[in-house]
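For reference, upload-v3.pdb (PDB, C-alpha atoms and all ligand atoms):
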ATOM      1  CA  MET S   5    -101.302  46.880 -26.684
ATOM      2  CA  GLU S   6    -104.415  48.426 -25.272
ATOM      3  CA  SER S   7    -102.550  50.336 -22.574
ATOM      4  CA  ALA S   8    -100.826  52.440 -25.262
ATOM      5  CA  MET S   9    -104.138  53.751 -26.558
ATOM      6  CA  LYS S  10    -105.685  56.649 -24.722
ATOM      7  CA  ILE S  11    -109.411  56.732 -25.297
ATOM      8  CA  ASP S  12    -111.653  58.935 -23.210
ATOM      9  CA  ALA S  13    -114.918  60.841 -23.227
ATOM     10  CA  LEU S  14    -115.701  64.367 -22.129
ATOM     11  CA  GLN S  15    -118.515  66.885 -22.366
ATOM     12  CA  ALA S  16    -117.569  69.865 -24.520
ATOM     13  CA  ASP S  17    -118.161  71.906 -27.626
ATOM     14  CA  ILE S  18    -115.938  70.139 -30.151
ATOM     15  CA  THR S  19    -115.014  73.433 -31.838
ATOM     16  CA  THR S  20    -113.003  74.427 -28.750
ATOM     17  CA  LEU S  21    -110.780  71.347 -28.572
ATOM     18  CA  GLU S  22    -107.054  71.674 -29.174
ATOM     19  CA  VAL S  23    -106.387  68.430 -30.978
ATOM     20  CA  ASP S  24    -104.780  67.639 -34.327
ATOM     21  CA  ALA S  25    -108.100  66.726 -35.934
ATOM     22  CA  ILE S  26    -111.763  67.043 -35.090
ATOM     23  CA  VAL S  27    -114.384  64.991 -36.877
ATOM     24  CA  ASN S  28    -117.520  66.597 -38.257
ATOM     25  CA  ALA S  29    -120.867  64.809 -38.512
ATOM     26  CA  ALA S  30    -121.501  66.153 -41.999
ATOM     27  CA  ASN S  31    -124.077  65.405 -44.679
ATOM     28  CA  GLN S  32    -123.425  64.208 -48.231
ATOM     29  CA  SER S  33    -123.256  67.726 -49.643
ATOM     30  CA  LEU S  34    -120.441  68.710 -47.227
ATOM     31  CA  MET S  35    -121.785  72.242 -47.514
ATOM     32  CA  GLY S  36    -122.783  72.670 -43.870
ATOM     33  CA  GLY S  37    -125.964  71.996 -41.959
ATOM     34  CA  GLY S  38    -127.373  72.011 -38.437
ATOM     35  CA  GLY S  39    -126.029  70.559 -35.211
ATOM     36  CA  VAL S  40    -122.297  70.041 -34.887
ATOM     37  CA  ASP S  41    -121.815  70.677 -38.616
ATOM     38  CA  GLY S  42    -123.192  74.218 -38.292
ATOM     39  CA  ALA S  43    -121.102  74.875 -35.190
ATOM     40  CA  ILE S  44    -117.899  73.738 -36.927
ATOM     41  CA  HIS S  45    -118.573  75.848 -40.018
ATOM     42  CA  ARG S  46    -119.317  78.926 -37.897
ATOM     43  CA  ALA S  47    -116.167  78.528 -35.842
ATOM     44  CA  ALA S  48    -113.861  77.666 -38.757
ATOM     45  CA  GLY S  49    -114.952  80.602 -40.908
ATOM     46  CA  LYS S  50    -116.018  80.812 -44.533
ATOM     47  CA  GLU S  51    -112.794  79.355 -45.892
ATOM     48  CA  LEU S  52    -114.012  75.986 -44.651
ATOM     49  CA  LYS S  53    -117.018  76.171 -46.936
ATOM     50  CA  GLU S  54    -114.786  76.982 -49.888
ATOM     51  CA  ALA S  55    -112.556  74.017 -49.090
ATOM     52  CA  CYS S  56    -115.592  71.755 -48.761
ATOM     53  CA  ARG S  57    -117.038  72.919 -52.061
ATOM     54  CA  ALA S  58    -113.927  71.652 -53.824
ATOM     55  CA  LEU S  59    -114.431  68.165 -52.352
ATOM     56  CA  ASP S  60    -117.594  67.582 -54.358
ATOM     57  CA  GLY S  61    -119.620  65.801 -51.685
ATOM     58  CA  CYS S  62    -119.077  62.550 -49.825
ATOM     59  CA  GLU S  63    -120.800  59.163 -49.706
ATOM     60  CA  THR S  64    -122.480  57.908 -46.540
ATOM     61  CA  GLY S  65    -119.956  55.900 -44.524
ATOM     62  CA  ASP S  66    -117.012  57.762 -46.018
ATOM     63  CA  ALA S  67    -115.042  60.842 -44.892
ATOM     64  CA  LYS S  68    -112.982  63.666 -46.390
ATOM     65  CA  LEU S  69    -110.307  65.930 -44.942
ATOM     66  CA  THR S  70    -109.855  69.700 -44.871
ATOM     67  CA  GLU S  71    -107.775  72.120 -42.869
ATOM     68  CA  GLY S  72    -109.269  73.574 -39.707
ATOM     69  CA  PHE S  73    -108.844  77.244 -40.682
ATOM     70  CA  LYS S  74    -109.895  79.350 -37.648
ATOM     71  CA  LEU S  75    -110.380  76.337 -35.393
ATOM     72  CA  PRO S  76    -107.780  75.373 -32.828
ATOM     73  CA  ALA S  77    -107.736  71.944 -34.517
ATOM     74  CA  ARG S  78    -105.392  71.693 -37.490
ATOM     75  CA  TYR S  79    -107.720  69.479 -39.529
ATOM     76  CA  VAL S  80    -111.404  68.721 -39.883
ATOM     77  CA  ILE S  81    -112.430  65.258 -41.018
ATOM     78  CA  HIS S  82    -115.928  65.415 -42.483
ATOM     79  CA  ALA S  83    -117.649  62.056 -41.995
ATOM     80  CA  VAL S  84    -121.117  61.307 -43.342
ATOM     81  CA  GLY S  85    -123.071  59.072 -40.984
ATOM     82  CA  PRO S  86    -126.202  57.127 -41.918
ATOM     83  CA  VAL S  87    -129.706  58.377 -41.229
ATOM     84  CA  TRP S  88    -131.285  55.884 -38.795
ATOM     85  CA  SER S  89    -134.233  54.160 -40.397
ATOM     86  CA  GLY S  90    -134.834  51.224 -38.082
ATOM     87  CA  GLY S  91    -131.509  49.402 -38.395
ATOM     88  CA  LYS S  92    -132.125  47.253 -41.458
ATOM     89  CA  ARG S  93    -130.369  49.452 -43.974
ATOM     90  CA  ASP S  94    -126.794  48.715 -42.928
ATOM     91  CA  GLU S  95    -126.797  51.717 -40.607
ATOM     92  CA  ALA S  96    -124.417  49.987 -38.167
ATOM     93  CA  LEU S  97    -121.921  49.071 -40.903
ATOM     94  CA  LYS S  98    -122.052  52.564 -42.343
ATOM     95  CA  LEU S  99    -121.527  54.156 -38.942
ATOM     96  CA  ALA S 100    -118.521  51.891 -38.241
ATOM     97  CA  SER S 101    -117.136  52.812 -41.638
ATOM     98  CA  CYS S 102    -117.228  56.530 -40.684
ATOM     99  CA  TYR S 103    -115.019  55.929 -37.649
ATOM    100  CA  ARG S 104    -112.630  53.723 -39.624
ATOM    101  CA  ARG S 105    -112.301  56.155 -42.531
ATOM    102  CA  ALA S 106    -111.801  59.092 -40.160
ATOM    103  CA  LEU S 107    -108.904  57.323 -38.441
ATOM    104  CA  GLU S 108    -107.373  56.375 -41.788
ATOM    105  CA  LEU S 109    -107.471  60.010 -42.882
ATOM    106  CA  ALA S 110    -106.023  61.136 -39.538
ATOM    107  CA  ASP S 111    -103.201  58.649 -40.063
ATOM    108  CA  SER S 112    -102.607  59.956 -43.594
ATOM    109  CA  VAL S 113    -101.643  63.377 -42.158
ATOM    110  CA  ASP S 114     -99.826  61.904 -39.148
ATOM    111  CA  ALA S 115    -102.346  63.221 -36.611
ATOM    112  CA  ARG S 116    -101.644  62.151 -33.045
ATOM    113  CA  SER S 117    -104.904  63.285 -31.450
ATOM    114  CA  ILE S 118    -108.471  63.215 -32.722
ATOM    115  CA  ALA S 119    -111.889  64.096 -31.305
ATOM    116  CA  PHE S 120    -115.163  62.587 -32.495
ATOM    117  CA  PRO S 121    -118.683  63.896 -31.953
ATOM    118  CA  SER S 122    -121.426  61.321 -31.559
ATOM    119  CA  ILE S 123    -121.980  60.851 -35.309
ATOM    120  CA  SER S 124    -125.575  60.236 -36.502
ATOM    121  CA  THR S 125    -127.150  60.448 -33.039
ATOM    122  CA  GLY S 126    -128.589  63.963 -33.402
ATOM    123  CA  ILE S 127    -130.673  64.935 -36.406
ATOM    124  CA  TYR S 128    -130.001  61.474 -37.940
ATOM    125  CA  ARG S 129    -131.606  59.726 -34.882
ATOM    126  CA  PHE S 130    -129.256  56.725 -34.500
ATOM    127  CA  PRO S 131    -129.850  55.341 -30.956
ATOM    128  CA  ILE S 132    -127.053  56.615 -28.720
ATOM    129  CA  GLU S 133    -126.285  53.365 -26.835
ATOM    130  CA  ARG S 134    -125.798  51.348 -30.007
ATOM    131  CA  ALA S 135    -123.913  54.168 -31.734
ATOM    132  CA  ALA S 136    -121.516  54.570 -28.810
ATOM    133  CA  GLU S 137    -120.805  50.834 -28.768
ATOM    134  CA  ILE S 138    -119.992  50.895 -32.487
ATOM    135  CA  ALA S 139    -117.839  54.009 -32.083
ATOM    136  CA  ILE S 140    -115.753  52.561 -29.251
ATOM    137  CA  GLN S 141    -115.363  49.126 -30.802
ATOM    138  CA  THR S 142    -114.393  50.447 -34.230
ATOM    139  CA  VAL S 143    -111.868  52.888 -32.770
ATOM    140  CA  LYS S 144    -110.247  50.143 -30.702
ATOM    141  CA  GLU S 145    -109.996  47.881 -33.744
ATOM    142  CA  THR S 146    -108.671  50.531 -36.117
ATOM    143  CA  LEU S 147    -106.288  52.483 -33.902
ATOM    144  CA  PRO S 148    -103.310  50.082 -33.681
ATOM    145  CA  GLY S 149    -100.760  50.847 -36.378
ATOM    146  CA  THR S 150    -102.020  54.379 -37.039
ATOM    147  CA  SER S 151    -100.340  57.630 -35.979
ATOM    148  CA  VAL S 152    -103.204  58.376 -33.570
ATOM    149  CA  GLU S 153    -102.335  58.092 -29.881
ATOM    150  CA  ARG S 154    -105.250  59.848 -28.253
ATOM    151  CA  VAL S 155    -108.964  59.630 -29.076
ATOM    152  CA  THR S 156    -111.572  61.820 -27.412
ATOM    153  CA  PHE S 157    -115.284  61.161 -27.685
ATOM    154  CA  CYS S 158    -116.667  64.672 -27.401
ATOM    155  CA  CYS S 159    -120.199  64.500 -26.001
ATOM    156  CA  PHE S 160    -122.500  67.474 -26.168
ATOM    157  CA  SER S 161    -124.951  66.371 -23.480
ATOM    158  CA  GLU S 162    -124.490  64.971 -20.014
ATOM    159  CA  ARG S 163    -126.576  61.970 -20.959
ATOM    160  CA  ASP S 164    -124.402  61.084 -23.937
ATOM    161  CA  LEU S 165    -121.326  61.401 -21.747
ATOM    162  CA  ALA S 166    -122.844  58.986 -19.223
ATOM    163  CA  VAL S 167    -123.433  56.432 -21.997
ATOM    164  CA  TYR S 168    -119.855  56.664 -23.282
ATOM    165  CA  GLU S 169    -118.349  56.576 -19.790
ATOM    166  CA  ALA S 170    -120.302  53.484 -18.829
ATOM    167  CA  LEU S 171    -119.133  51.647 -21.952
ATOM    168  CA  LEU S 172    -115.513  52.772 -21.618
ATOM    169  CA  ASN S 173    -115.400  51.741 -17.953
ATOM    170  CA  ARG S 174    -116.951  48.384 -18.748
ATOM    171  CA  SER S 175    -114.447  47.580 -21.490
ATOM    172  CA  ALA S 176    -111.503  48.751 -19.362
ATOM    173  CA  ARG S 177    -112.200  46.055 -16.792
TER     174      ARG S 177
HETATM  175  P1  LIG L 201    -126.175  63.915 -37.194
HETATM  176  O1  LIG L 201    -126.909  64.579 -38.328
HETATM  177  O2  LIG L 201    -125.012  63.073 -37.676
HETATM  178  O3  LIG L 201    -127.093  63.191 -36.276
HETATM  179  P2  LIG L 201    -125.940  66.173 -35.334
HETATM  180  O4  LIG L 201    -125.017  67.329 -35.439
HETATM  181  O5  LIG L 201    -127.385  66.432 -35.410
HETATM  182  O6  LIG L 201    -125.429  65.121 -36.447
HETATM  183  O7  LIG L 201    -125.659  65.405 -33.974
HETATM  184  C1  LIG L 201    -124.507  64.668 -33.707
HETATM  185  C2  LIG L 201    -124.115  64.893 -32.256
HETATM  186  O8  LIG L 201    -123.381  66.124 -32.152
HETATM  187  C3  LIG L 201    -125.281  65.016 -31.289
HETATM  188  O9  LIG L 201    -124.957  64.264 -30.121
HETATM  189  C4  LIG L 201    -125.306  66.514 -30.958
HETATM  190  O10 LIG L 201    -125.810  66.761 -29.653
HETATM  191  C5  LIG L 201    -123.829  66.811 -31.003
HETATM  192  N1  LIG L 201    -123.414  68.225 -31.120
HETATM  193  C6  LIG L 201    -124.106  69.302 -31.555
HETATM  194  N2  LIG L 201    -123.332  70.399 -31.495
HETATM  195  C7  LIG L 201    -122.109  70.021 -31.022
HETATM  196  C8  LIG L 201    -120.874  70.680 -30.708
HETATM  197  N3  LIG L 201    -120.712  72.002 -30.895
HETATM  198  N4  LIG L 201    -119.845  69.937 -30.215
HETATM  199  C9  LIG L 201    -119.978  68.602 -30.038
HETATM  200  N5  LIG L 201    -121.109  67.921 -30.298
HETATM  201  C10 LIG L 201    -122.157  68.619 -30.788
END

Take the structure from the file and write it as C-alpha cells.
Ligand code: ADP
Amino acid sequence: MESAMKIDALQADITTLEVDAIVNAANQSLMGGGGVDGAIHRAAGKELKEACRALDGCETGDAKLTEGFKLPARYVIHAVGPVWSGGKRDEALKLASCYRRALELADSVDARSIAFPSISTGIYRFPIERAAEIAIQTVKETLPGTSVERVTFCCFSERDLAVYEALLNRSAR
C-alpha cells in the first residue's frame, strides 16, 4: 500500500509549483495575510481575493477551496492552522485536521498532486519538529482511497527541509 504513495519534501517557493493543488496556510478571515498567504495572494492575482471573500471565512482546523487563477496550480486549498499557545489547546488535533480536510477537498476535485507548506510553523509558532510529524502521519493515514497520488511538503527554509527529510527517511525504513 505504502509503495503506491509518493510523499517527498523539497525546498521551494510554493507559488512556483506545478501541481494540481497547493495548500495555503491562511487565517480565519481568508482575506490574505503575511508569510505564505501573502505570497500566494500576490502570485495568484486579485481574483483570488474576490473568490476568498465569497467563502465567508473558515474555522481553525478546516479548509476551503478556490481556483488558482494566475498560479501554475489549478486549485488553492486554504487551510487555517492553529496558533501555537503551548500545546494544551488542541493545537495538534487542529493541525492534523487541516491536513485531513485539505486532502478531502483535493479528492473532491480529483486532484492527483498536492503541495503543502509547513502550516502554523511561521507566524503561528507551532514547533517545526512536532508539526512535521503530525503532517506526515496525517497524510499517510488520509491518503489511501483518495485521488491524490503525490504529496510534496514544500519547505521554505533549509532547516525545515532537514526536519522533514529526517522524518520521511526514518519512516521509510
Ligand atoms: P502560519 O501563520 O500558519 O504560521 P506562515 O506563512 O507564517 O503561516 O508560515 C508557514 C510556513 O510557510 C513557514 O515555514 C514559512 O517559512 C513558510 N513560507 C513562507 N513563504 C512561503 C512560500 N512562498 N512558499 C512556501 N513556504 C513559505

Notebook entry, point to check: From the set S:Glu51, S:Glu153, S:Glu162, S:Asp41, which residue has the shortest atom-to-atom contact distance to S:Lys10, counting only C-alpha atoms?
Noted result: S:Glu153

Check: Separation of atom CA of S:Glu133 and atom CA of S:Leu69, in Å?
Finding: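 Atom CA of S:Leu69 lies at a distance of 27.2 Å from atom CA of S:Glu133.
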
Check: Quick one, how far is atom CA of S:Leu172 from atom CA of S:Asn31?
Finding: 27.7 Å

Checklist line | Picked residues, the PyMOL selection byres (((chain S and resi 122) around 9) and not hetatm), expected as a PyMOL selection string | finding: chain S and resi 29+120-121+123-126+132+135-136+139+157-160+164

Notebook entry, point to check: Between atom CA of S:Glu137 and atom CA of S:Pro86, what is the distance, to one decimal in Å?
Noted result: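 We find that atom CA of S:Glu137 and atom CA of S:Pro86 lie 15.5 Å from each other.
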
Item checked: Minimum-distance residue to S:Leu109, chosen among S:Thr150, S:Thr156, S:Ser89, S:Thr142 (using only C-alpha atoms) -> S:Thr150

N, CA and C atoms restored at stretch 19-51 of chain S, emitted as a PDB file, keeping the file's coordinate frame:
ATOM      1  N   THR S  19    -115.744  72.367 -31.133  1.00  0.00           N
ATOM      2  CA  THR S  19    -115.014  73.433 -31.838  1.00  0.00           C
ATOM      3  C   THR S  19    -113.949  74.083 -30.959  1.00  0.00           C
ATOM      4  N   THR S  20    -113.977  73.809 -29.661  1.00  0.00           N
ATOM      5  CA  THR S  20    -113.003  74.427 -28.750  1.00  0.00           C
ATOM      6  C   THR S  20    -111.793  73.528 -28.484  1.00  0.00           C
ATOM      7  N   LEU S  21    -111.817  72.304 -28.975  1.00  0.00           N
ATOM      8  CA  LEU S  21    -110.780  71.347 -28.572  1.00  0.00           C
ATOM      9  C   LEU S  21    -109.468  71.543 -29.337  1.00  0.00           C
ATOM     10  N   GLU S  22    -108.389  71.519 -28.580  1.00  0.00           N
ATOM     11  CA  GLU S  22    -107.054  71.674 -29.174  1.00  0.00           C
ATOM     12  C   GLU S  22    -106.465  70.299 -29.440  1.00  0.00           C
ATOM     13  N   VAL S  23    -106.864  69.752 -30.561  1.00  0.00           N
ATOM     14  CA  VAL S  23    -106.387  68.430 -30.978  1.00  0.00           C
ATOM     15  C   VAL S  23    -105.929  68.555 -32.437  1.00  0.00           C
ATOM     16  N   ASP S  24    -105.250  67.548 -32.936  1.00  0.00           N
ATOM     17  CA  ASP S  24    -104.780  67.639 -34.327  1.00  0.00           C
ATOM     18  C   ASP S  24    -105.955  67.631 -35.303  1.00  0.00           C
ATOM     19  N   ALA S  25    -106.956  66.810 -35.014  1.00  0.00           N
ATOM     20  CA  ALA S  25    -108.100  66.726 -35.934  1.00  0.00           C
ATOM     21  C   ALA S  25    -109.405  66.573 -35.167  1.00  0.00           C
ATOM     22  N   ILE S  26    -110.413  67.316 -35.585  1.00  0.00           N
ATOM     23  CA  ILE S  26    -111.763  67.043 -35.090  1.00  0.00           C
ATOM     24  C   ILE S  26    -112.565  66.446 -36.245  1.00  0.00           C
ATOM     25  N   VAL S  27    -113.518  65.620 -35.876  1.00  0.00           N
ATOM     26  CA  VAL S  27    -114.384  64.991 -36.877  1.00  0.00           C
ATOM     27  C   VAL S  27    -115.702  65.753 -36.890  1.00  0.00           C
ATOM     28  N   ASN S  28    -116.222  65.953 -38.086  1.00  0.00           N
ATOM     29  CA  ASN S  28    -117.520  66.597 -38.257  1.00  0.00           C
ATOM     30  C   ASN S  28    -118.553  65.541 -38.634  1.00  0.00           C
ATOM     31  N   ALA S  29    -119.754  65.646 -38.066  1.00  0.00           N
ATOM     32  CA  ALA S  29    -120.867  64.809 -38.512  1.00  0.00           C
ATOM     33  C   ALA S  29    -121.560  65.578 -39.628  1.00  0.00           C
ATOM     34  N   ALA S  30    -121.065  65.367 -40.847  1.00  0.00           N
ATOM     35  CA  ALA S  30    -121.501  66.153 -41.999  1.00  0.00           C
ATOM     36  C   ALA S  30    -122.649  65.455 -42.722  1.00  0.00           C
ATOM     37  N   ASN S  31    -123.126  66.077 -43.789  1.00  0.00           N
ATOM     38  CA  ASN S  31    -124.077  65.405 -44.679  1.00  0.00           C
ATOM     39  C   ASN S  31    -123.416  65.252 -46.050  1.00  0.00           C
ATOM     40  N   GLN S  32    -124.083  64.548 -46.966  1.00  0.00           N
ATOM     41  CA  GLN S  32    -123.425  64.208 -48.231  1.00  0.00           C
ATOM     42  C   GLN S  32    -122.976  65.415 -49.046  1.00  0.00           C
ATOM     43  N   SER S  33    -123.635  66.541 -48.858  1.00  0.00           N
ATOM     44  CA  SER S  33    -123.256  67.726 -49.643  1.00  0.00           C
ATOM     45  C   SER S  33    -121.939  68.322 -49.159  1.00  0.00           C
ATOM     46  N   LEU S  34    -121.598  68.098 -47.907  1.00  0.00           N
ATOM     47  CA  LEU S  34    -120.441  68.710 -47.227  1.00  0.00           C
ATOM     48  C   LEU S  34    -120.523  70.236 -47.192  1.00  0.00           C
ATOM     49  N   MET S  35    -121.677  70.791 -47.446  1.00  0.00           N
ATOM     50  CA  MET S  35    -121.785  72.242 -47.514  1.00  0.00           C
ATOM     51  C   MET S  35    -122.345  72.869 -46.238  1.00  0.00           C
ATOM     52  N   GLY S  36    -122.321  72.133 -45.151  1.00  0.00           N
ATOM     53  CA  GLY S  36    -122.783  72.670 -43.870  1.00  0.00           C
ATOM     54  C   GLY S  36    -124.219  72.271 -43.603  1.00  0.00           C
ATOM     55  N   GLY S  37    -124.616  72.398 -42.342  1.00  0.00           N
ATOM     56  CA  GLY S  37    -125.964  71.996 -41.959  1.00  0.00           C
ATOM     57  C   GLY S  37    -126.211  72.425 -40.526  1.00  0.00           C
ATOM     58  N   GLY S  38    -127.071  71.673 -39.824  1.00  0.00           N
ATOM     59  CA  GLY S  38    -127.373  72.011 -38.437  1.00  0.00           C
ATOM     60  C   GLY S  38    -126.450  71.273 -37.488  1.00  0.00           C
ATOM     61  N   GLY S  39    -126.769  71.311 -36.217  1.00  0.00           N
ATOM     62  CA  GLY S  39    -126.029  70.559 -35.211  1.00  0.00           C
ATOM     63  C   GLY S  39    -124.546  70.883 -35.191  1.00  0.00           C
ATOM     64  N   VAL S  40    -123.744  69.850 -35.027  1.00  0.00           N
ATOM     65  CA  VAL S  40    -122.297  70.041 -34.887  1.00  0.00           C
ATOM     66  C   VAL S  40    -121.687  70.576 -36.194  1.00  0.00           C
ATOM     67  N   ASP S  41    -122.274  70.203 -37.302  1.00  0.00           N
ATOM     68  CA  ASP S  41    -121.815  70.677 -38.616  1.00  0.00           C
ATOM     69  C   ASP S  41    -121.885  72.207 -38.687  1.00  0.00           C
ATOM     70  N   GLY S  42    -123.021  72.759 -38.292  1.00  0.00           N
ATOM     71  CA  GLY S  42    -123.192  74.218 -38.292  1.00  0.00           C
ATOM     72  C   GLY S  42    -122.208  74.887 -37.348  1.00  0.00           C
ATOM     73  N   ALA S  43    -122.017  74.297 -36.181  1.00  0.00           N
ATOM     74  CA  ALA S  43    -121.102  74.875 -35.190  1.00  0.00           C
ATOM     75  C   ALA S  43    -119.671  74.888 -35.724  1.00  0.00           C
ATOM     76  N   ILE S  44    -119.270  73.815 -36.383  1.00  0.00           N
ATOM     77  CA  ILE S  44    -117.899  73.738 -36.927  1.00  0.00           C
ATOM     78  C   ILE S  44    -117.718  74.760 -38.046  1.00  0.00           C
ATOM     79  N   HIS S  45    -118.695  74.871 -38.930  1.00  0.00           N
ATOM     80  CA  HIS S  45    -118.573  75.848 -40.018  1.00  0.00           C
ATOM     81  C   HIS S  45    -118.534  77.281 -39.487  1.00  0.00           C
ATOM     82  N   ARG S  46    -119.344  77.563 -38.472  1.00  0.00           N
ATOM     83  CA  ARG S  46    -119.317  78.926 -37.897  1.00  0.00           C
ATOM     84  C   ARG S  46    -117.965  79.237 -37.274  1.00  0.00           C
ATOM     85  N   ALA S  47    -117.420  78.280 -36.559  1.00  0.00           N
ATOM     86  CA  ALA S  47    -116.167  78.528 -35.842  1.00  0.00           C
ATOM     87  C   ALA S  47    -114.952  78.533 -36.778  1.00  0.00           C
ATOM     88  N   ALA S  48    -115.018  77.765 -37.853  1.00  0.00           N
ATOM     89  CA  ALA S  48    -113.861  77.666 -38.757  1.00  0.00           C
ATOM     90  C   ALA S  48    -113.791  78.846 -39.723  1.00  0.00           C
ATOM     91  N   GLY S  49    -114.943  79.472 -39.975  1.00  0.00           N
ATOM     92  CA  GLY S  49    -114.952  80.602 -40.908  1.00  0.00           C
ATOM     93  C   GLY S  49    -115.279  80.160 -42.328  1.00  0.00           C
ATOM     94  N   LYS S  50    -115.490  81.148 -43.201  1.00  0.00           N
ATOM     95  CA  LYS S  50    -116.018  80.812 -44.533  1.00  0.00           C
ATOM     96  C   LYS S  50    -115.029  80.089 -45.440  1.00  0.00           C
ATOM     97  N   GLU S  51    -113.761  80.125 -45.103  1.00  0.00           N
ATOM     98  CA  GLU S  51    -112.794  79.355 -45.892  1.00  0.00           C
ATOM     99  C   GLU S  51    -113.097  77.861 -45.847  1.00  0.00           C
TER     100      GLU S  51
END
